[in-house]
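Chemist: Quick one: the structure is below, and I'll ask about it shortly.
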Amino acid sequence: MKRLPGKIRFWLSVFLILGVAIPAAPAGSPEPADLYRQAYDHFRRAERDLQGGEPAAAVAGFRSALEAWESLRADSPDWNPAAVEIRIKQADPRLREAEARLADREAWSNPLRIHFIDVGQGDSTLVQCPDGSTILIDGGPMDAYPQLVGYLKEAGVEKIDLLIATHPDGDHIGGLLKVLETFPIVTVVDSGKEHTTLTYQRYMEAVKGLPDTGFKLGRAGDRYVFGGVDLLIIHPGANLPSNNNDSSIVARLTYGDVGFLFTGDAEEKAEAEMLSRGLPVRSSVLKVGHHGSKSSTSTRFLSAVSPQSAVISCGESNRWGHPTQEVMRSLKQRKIEIYRTDLQGTILMLSDGKEIRLEFPGKAVYPEYPVPEESARMVIANRVSLIYYPPESPYRSRVPPEDRVSFKTGAEAEAAGYFKSWH
Ligand SMILES: [Zn+2]
């Protein structure tokens, strides 16, 4: 007779010895064979749940199967130990797979959301943290405010925890005038750079007029840790540059393994300053400085940031020629993925802290409102933008009713401090 293989002989002897030595299970508790079969049912159902995209149910199923087989191994080691061992070895990696898929689903159920909002020629970025906290970096130009405020409401924003005004130029703070009167704001972080424009004066007055809002200067080294993200300000330093653009607050936001660098309109000089400061700049995504102007995104800076993707926020056929060929070439040479608000509209990036997924919610939509009969022959003005539109202007219908002021003539509107629309 052929000798049995060693392993089988071993288990056979274990079975015989223990089978004799251990008394049968006490009456009332399930037979090992039933336990084994029940566990196998759990296992099979868990496999189906995992295939069917129900990782939570699969985790529960694999756990009960494993627990049953493990207790079988401990309590009835004489009952078919080889089969029990094989099942345990089979179920263990399946449970880990189901747990990994469940963790992945949970991370994606509340991802970090970064919206590079289409505000035409300007910048405005909304950050929604995994816990729902909100950061808004800039508010685009004044005439984009109806669309910006509409977008923020649509995205579910009810309050803004951190409002960063990178620098005092109109294409970054214009739209903030309406944001400041629409949403409660916990803290405003400002560069402290002053400007001579009426827009800047009105923005500062609005900020100072908010009794419950904190006001802080943004300086390199300041850190804001909340909502699962870490935001580090890397520019400007203690001494503000004389140039508005170079005074831009530059912030690096990290979530898990991914990083985003928001550069405002910082130009080459500011970029060199940042590099010499030594704070980290390396990021997965770069919001390209100054709308893709050639005065920003120097080779050295781009190499240090080393992004996989770049976002350019600029208006369709803008008169500045943004983005410039120089910057586009530089990004393409490094095989950086380029996204542009002028071509793709709003760019939404979602992240679980490991990878980034993209969505394109569409181009800016400017709501239109009916103009009442009695205003048909009148001049319609917007009290937020201080712009007035003569009866023939097609843009009159974009003035939200709550911001609408009517005058008999353009001269009357001008006397009240309004400016004629250039459209
Ligand atoms: Zn700008």
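Identifiers in the structure tokens: chain A, B, ... in order shown; residue index from 1 per chain; ligand index from 1 in order shown.
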Pick out the residues no farther than 8 Å from ligand 1, counting only C-alpha atoms and all ligand atoms, and list them as a PyMOL selection string.

Modeler: chain A and resi 121-123+169-172+245+264-265+290-291

Chemist: Within stretch 126-291 of chain A, find each residue whose DSSP state, derived from the backbone, is alpha helix (DSSP H), and express the selection as number ranges by chain.

Modeler: A: 145-154, 170-173, 176-182, 198-208, 268-277

Chemist: Write out as a ChimeraX atom specification the residues lying within 12 Å of A:Ala220, counting only C-alpha atoms and excluding same-chain residues fewer than 2 positions away.

Modeler: /A:191,217-218,222-224,231-240,247-252,270,273-275,277-281

Chemist: What is the atom CA of A:Gly256 to atom CA of A:Leu102 distance in Å?

Modeler: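 About the pair atom CA of A:Gly256 and atom CA of A:Leu102: they are 17.9 Å apart.
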
Chemist: For stretch 169-276 of chain A versus stretch 141-146 of chain A, which residues have an atom no more than 8 Å away, and what is each residue's nearest atom pair and distance in Å rounded to one decimal, using only C-alpha atoms, chain-then-number order, as a tab-separated table?

Modeler:
```
residue	atom	partner	partner_atom	distance
A:Gly170	CA	A:Pro141	CA	5.7
A:Asp171	CA	A:Pro141	CA	3.9
A:His172	CA	A:Pro141	CA	5.9
A:Ile173	CA	A:Pro141	CA	6.6
A:Gly174	CA	A:Met142	CA	3.9
A:Gly175	CA	A:Met142	CA	4.4
A:Leu176	CA	A:Tyr145	CA	7.6
A:Leu177	CA	A:Met142	CA	7.7
A:Lys178	CA	A:Tyr145	CA	6.5
A:Val179	CA	A:Tyr145	CA	7.7
```

Chemist: Leaving out A:Phe43 and any residue of its chain fewer than 3 positions from it, which residues lie within 8 Å of it when counting only C-alpha atoms, given as a ChimeraX atom specification?

Modeler: /A:39-40,46-47,61-62,65,91

Chemist: Would you write out those residues with all heavy atoms, as a PDB file, in the first residue's frame?

Modeler:
```pdb
ATOM      1  N   ALA A  39     -21.023  29.307   8.534  1.00  0.00           N
ATOM      2  CA  ALA A  39     -19.922  30.239   8.247  1.00  0.00           C
ATOM      3  C   ALA A  39     -19.709  30.339   6.731  1.00  0.00           C
ATOM      4  O   ALA A  39     -19.491  31.428   6.198  1.00  0.00           O
ATOM      5  CB  ALA A  39     -18.647  29.775   8.937  1.00  0.00           C
ATOM      6  N   TYR A  40     -19.826  29.187   6.063  1.00  0.00           N
ATOM      7  CA  TYR A  40     -19.621  29.196   4.612  1.00  0.00           C
ATOM      8  C   TYR A  40     -20.720  30.008   3.913  1.00  0.00           C
ATOM      9  O   TYR A  40     -20.466  30.722   2.948  1.00  0.00           O
ATOM     10  CB  TYR A  40     -19.555  27.767   4.075  1.00  0.00           C
ATOM     11  CG  TYR A  40     -19.073  27.746   2.641  1.00  0.00           C
ATOM     12  CD1 TYR A  40     -17.782  28.189   2.324  1.00  0.00           C
ATOM     13  CD2 TYR A  40     -19.904  27.330   1.607  1.00  0.00           C
ATOM     14  CE1 TYR A  40     -17.340  28.216   1.012  1.00  0.00           C
ATOM     15  CE2 TYR A  40     -19.464  27.355   0.293  1.00  0.00           C
ATOM     16  CZ  TYR A  40     -18.188  27.797  -0.003  1.00  0.00           C
ATOM     17  OH  TYR A  40     -17.746  27.841  -1.289  1.00  0.00           O
ATOM     18  N   ALA A  46     -21.065  37.280   1.604  1.00  0.00           N
ATOM     19  CA  ALA A  46     -20.128  38.421   1.656  1.00  0.00           C
ATOM     20  C   ALA A  46     -19.455  38.618   0.298  1.00  0.00           C
ATOM     21  O   ALA A  46     -19.267  39.752  -0.151  1.00  0.00           O
ATOM     22  CB  ALA A  46     -19.091  38.182   2.749  1.00  0.00           C
ATOM     23  N   GLU A  47     -19.120  37.517  -0.354  1.00  0.00           N
ATOM     24  CA  GLU A  47     -18.524  37.623  -1.695  1.00  0.00           C
ATOM     25  C   GLU A  47     -19.496  38.315  -2.647  1.00  0.00           C
ATOM     26  O   GLU A  47     -19.118  39.189  -3.415  1.00  0.00           O
ATOM     27  CB  GLU A  47     -18.185  36.236  -2.262  1.00  0.00           C
ATOM     28  CG  GLU A  47     -16.894  35.644  -1.736  1.00  0.00           C
ATOM     29  CD  GLU A  47     -15.644  36.387  -2.195  1.00  0.00           C
ATOM     30  OE1 GLU A  47     -15.754  37.385  -2.924  1.00  0.00           O
ATOM     31  OE2 GLU A  47     -14.546  35.988  -1.774  1.00  0.00           O
ATOM     32  N   GLY A  61     -20.067  40.276   6.787  1.00  0.00           N
ATOM     33  CA  GLY A  61     -20.196  38.869   6.407  1.00  0.00           C
ATOM     34  C   GLY A  61     -18.884  38.110   6.566  1.00  0.00           C
ATOM     35  O   GLY A  61     -18.849  37.032   7.171  1.00  0.00           O
ATOM     36  N   PHE A  62     -17.787  38.674   6.039  1.00  0.00           N
ATOM     37  CA  PHE A  62     -16.484  38.000   6.161  1.00  0.00           C
ATOM     38  C   PHE A  62     -16.080  37.880   7.621  1.00  0.00           C
ATOM     39  O   PHE A  62     -15.511  36.877   8.040  1.00  0.00           O
ATOM     40  CB  PHE A  62     -15.402  38.767   5.382  1.00  0.00           C
ATOM     41  CG  PHE A  62     -15.519  38.616   3.888  1.00  0.00           C
ATOM     42  CD1 PHE A  62     -15.469  39.717   3.044  1.00  0.00           C
ATOM     43  CD2 PHE A  62     -15.667  37.354   3.308  1.00  0.00           C
ATOM     44  CE1 PHE A  62     -15.572  39.581   1.668  1.00  0.00           C
ATOM     45  CE2 PHE A  62     -15.761  37.200   1.921  1.00  0.00           C
ATOM     46  CZ  PHE A  62     -15.714  38.313   1.104  1.00  0.00           C
ATOM     47  N   ALA A  65     -17.985  34.991   9.221  1.00  0.00           N
ATOM     48  CA  ALA A  65     -17.468  33.702   8.739  1.00  0.00           C
ATOM     49  C   ALA A  65     -16.148  33.365   9.442  1.00  0.00           C
ATOM     50  O   ALA A  65     -15.977  32.267   9.973  1.00  0.00           O
ATOM     51  CB  ALA A  65     -17.275  33.764   7.238  1.00  0.00           C
ATOM     52  N   ALA A  91     -10.606  33.359   3.807  1.00  0.00           N
ATOM     53  CA  ALA A  91     -11.453  34.478   4.221  1.00  0.00           C
ATOM     54  C   ALA A  91     -10.654  35.699   4.674  1.00  0.00           C
ATOM     55  O   ALA A  91     -11.093  36.841   4.501  1.00  0.00           O
ATOM     56  CB  ALA A  91     -12.394  34.032   5.334  1.00  0.00           C
TER      57      ALA A  91
END
```

Chemist: Can you pull out every residue within 8 Å of stretch 328-331 of chain A, counting only C-alpha atoms, but drop anything in the same chain fewer than 5 positions away, and send it as a PDB file with N, CA and C atoms, in the first residue's frame?

Modeler:
```pdb
ATOM      1  N   GLY A 292      -1.520  83.216 -15.940  1.00  0.00           N
ATOM      2  CA  GLY A 292      -0.696  82.683 -17.045  1.00  0.00           C
ATOM      3  C   GLY A 292       0.114  83.758 -17.739  1.00  0.00           C
ATOM      4  N   THR A 299      11.008  79.340 -14.549  1.00  0.00           N
ATOM      5  CA  THR A 299      11.470  77.950 -14.662  1.00  0.00           C
ATOM      6  C   THR A 299      11.879  77.385 -13.298  1.00  0.00           C
ATOM      7  N   ALA A 310      -1.812  71.882 -13.681  1.00  0.00           N
ATOM      8  CA  ALA A 310      -1.791  73.331 -13.513  1.00  0.00           C
ATOM      9  C   ALA A 310      -3.162  73.875 -13.903  1.00  0.00           C
ATOM     10  N   PRO A 323      -3.643  82.959 -21.246  1.00  0.00           N
ATOM     11  CA  PRO A 323      -2.271  82.712 -20.797  1.00  0.00           C
ATOM     12  C   PRO A 323      -1.272  82.921 -21.943  1.00  0.00           C
ATOM     13  N   ILE A 336       2.996  68.765 -17.892  1.00  0.00           N
ATOM     14  CA  ILE A 336       2.031  69.071 -16.825  1.00  0.00           C
ATOM     15  C   ILE A 336       0.647  69.184 -17.472  1.00  0.00           C
ATOM     16  N   GLU A 337      -0.345  68.549 -16.868  1.00  0.00           N
ATOM     17  CA  GLU A 337      -1.721  68.633 -17.368  1.00  0.00           C
ATOM     18  C   GLU A 337      -2.215  70.054 -17.174  1.00  0.00           C
ATOM     19  N   ILE A 338      -2.807  70.662 -18.200  1.00  0.00           N
ATOM     20  CA  ILE A 338      -3.236  72.061 -18.085  1.00  0.00           C
ATOM     21  C   ILE A 338      -4.770  72.140 -18.131  1.00  0.00           C
TER      22      ILE A 338
END
```

Chemist: Determine the nearest neighbour of A:Gly410 from the options A:Val258, A:Ala165, A:Leu198, A:Ile387, counting only C-alpha atoms.

Modeler: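 Ranked by minimum distance to A:Gly410, first place goes to A:Ile387.
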
Chemist: For A:Phe360, which of A:Tyr255, A:Glu374, A:Val225, A:Tyr339 is the closest residue, counting only C-alpha atoms?

Modeler: A:Tyr339

Chemist: Please return as a ChimeraX atom specification: the residues of stretch 63-242 of chain A that backbone DSSP assigns to strand (DSSP E).

Modeler: /A:112-116,125-128,134-137,160-165,185-190,214-217,223-226,229-235

Chemist: Counting only C-alpha atoms, which residue out of A:Leu253, A:Ala272, A:Cys314, A:Leu126 sits closest to A:Gly228?

Modeler: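 Among the listed residues, the smallest separation from A:Gly228 belongs to A:Leu253.
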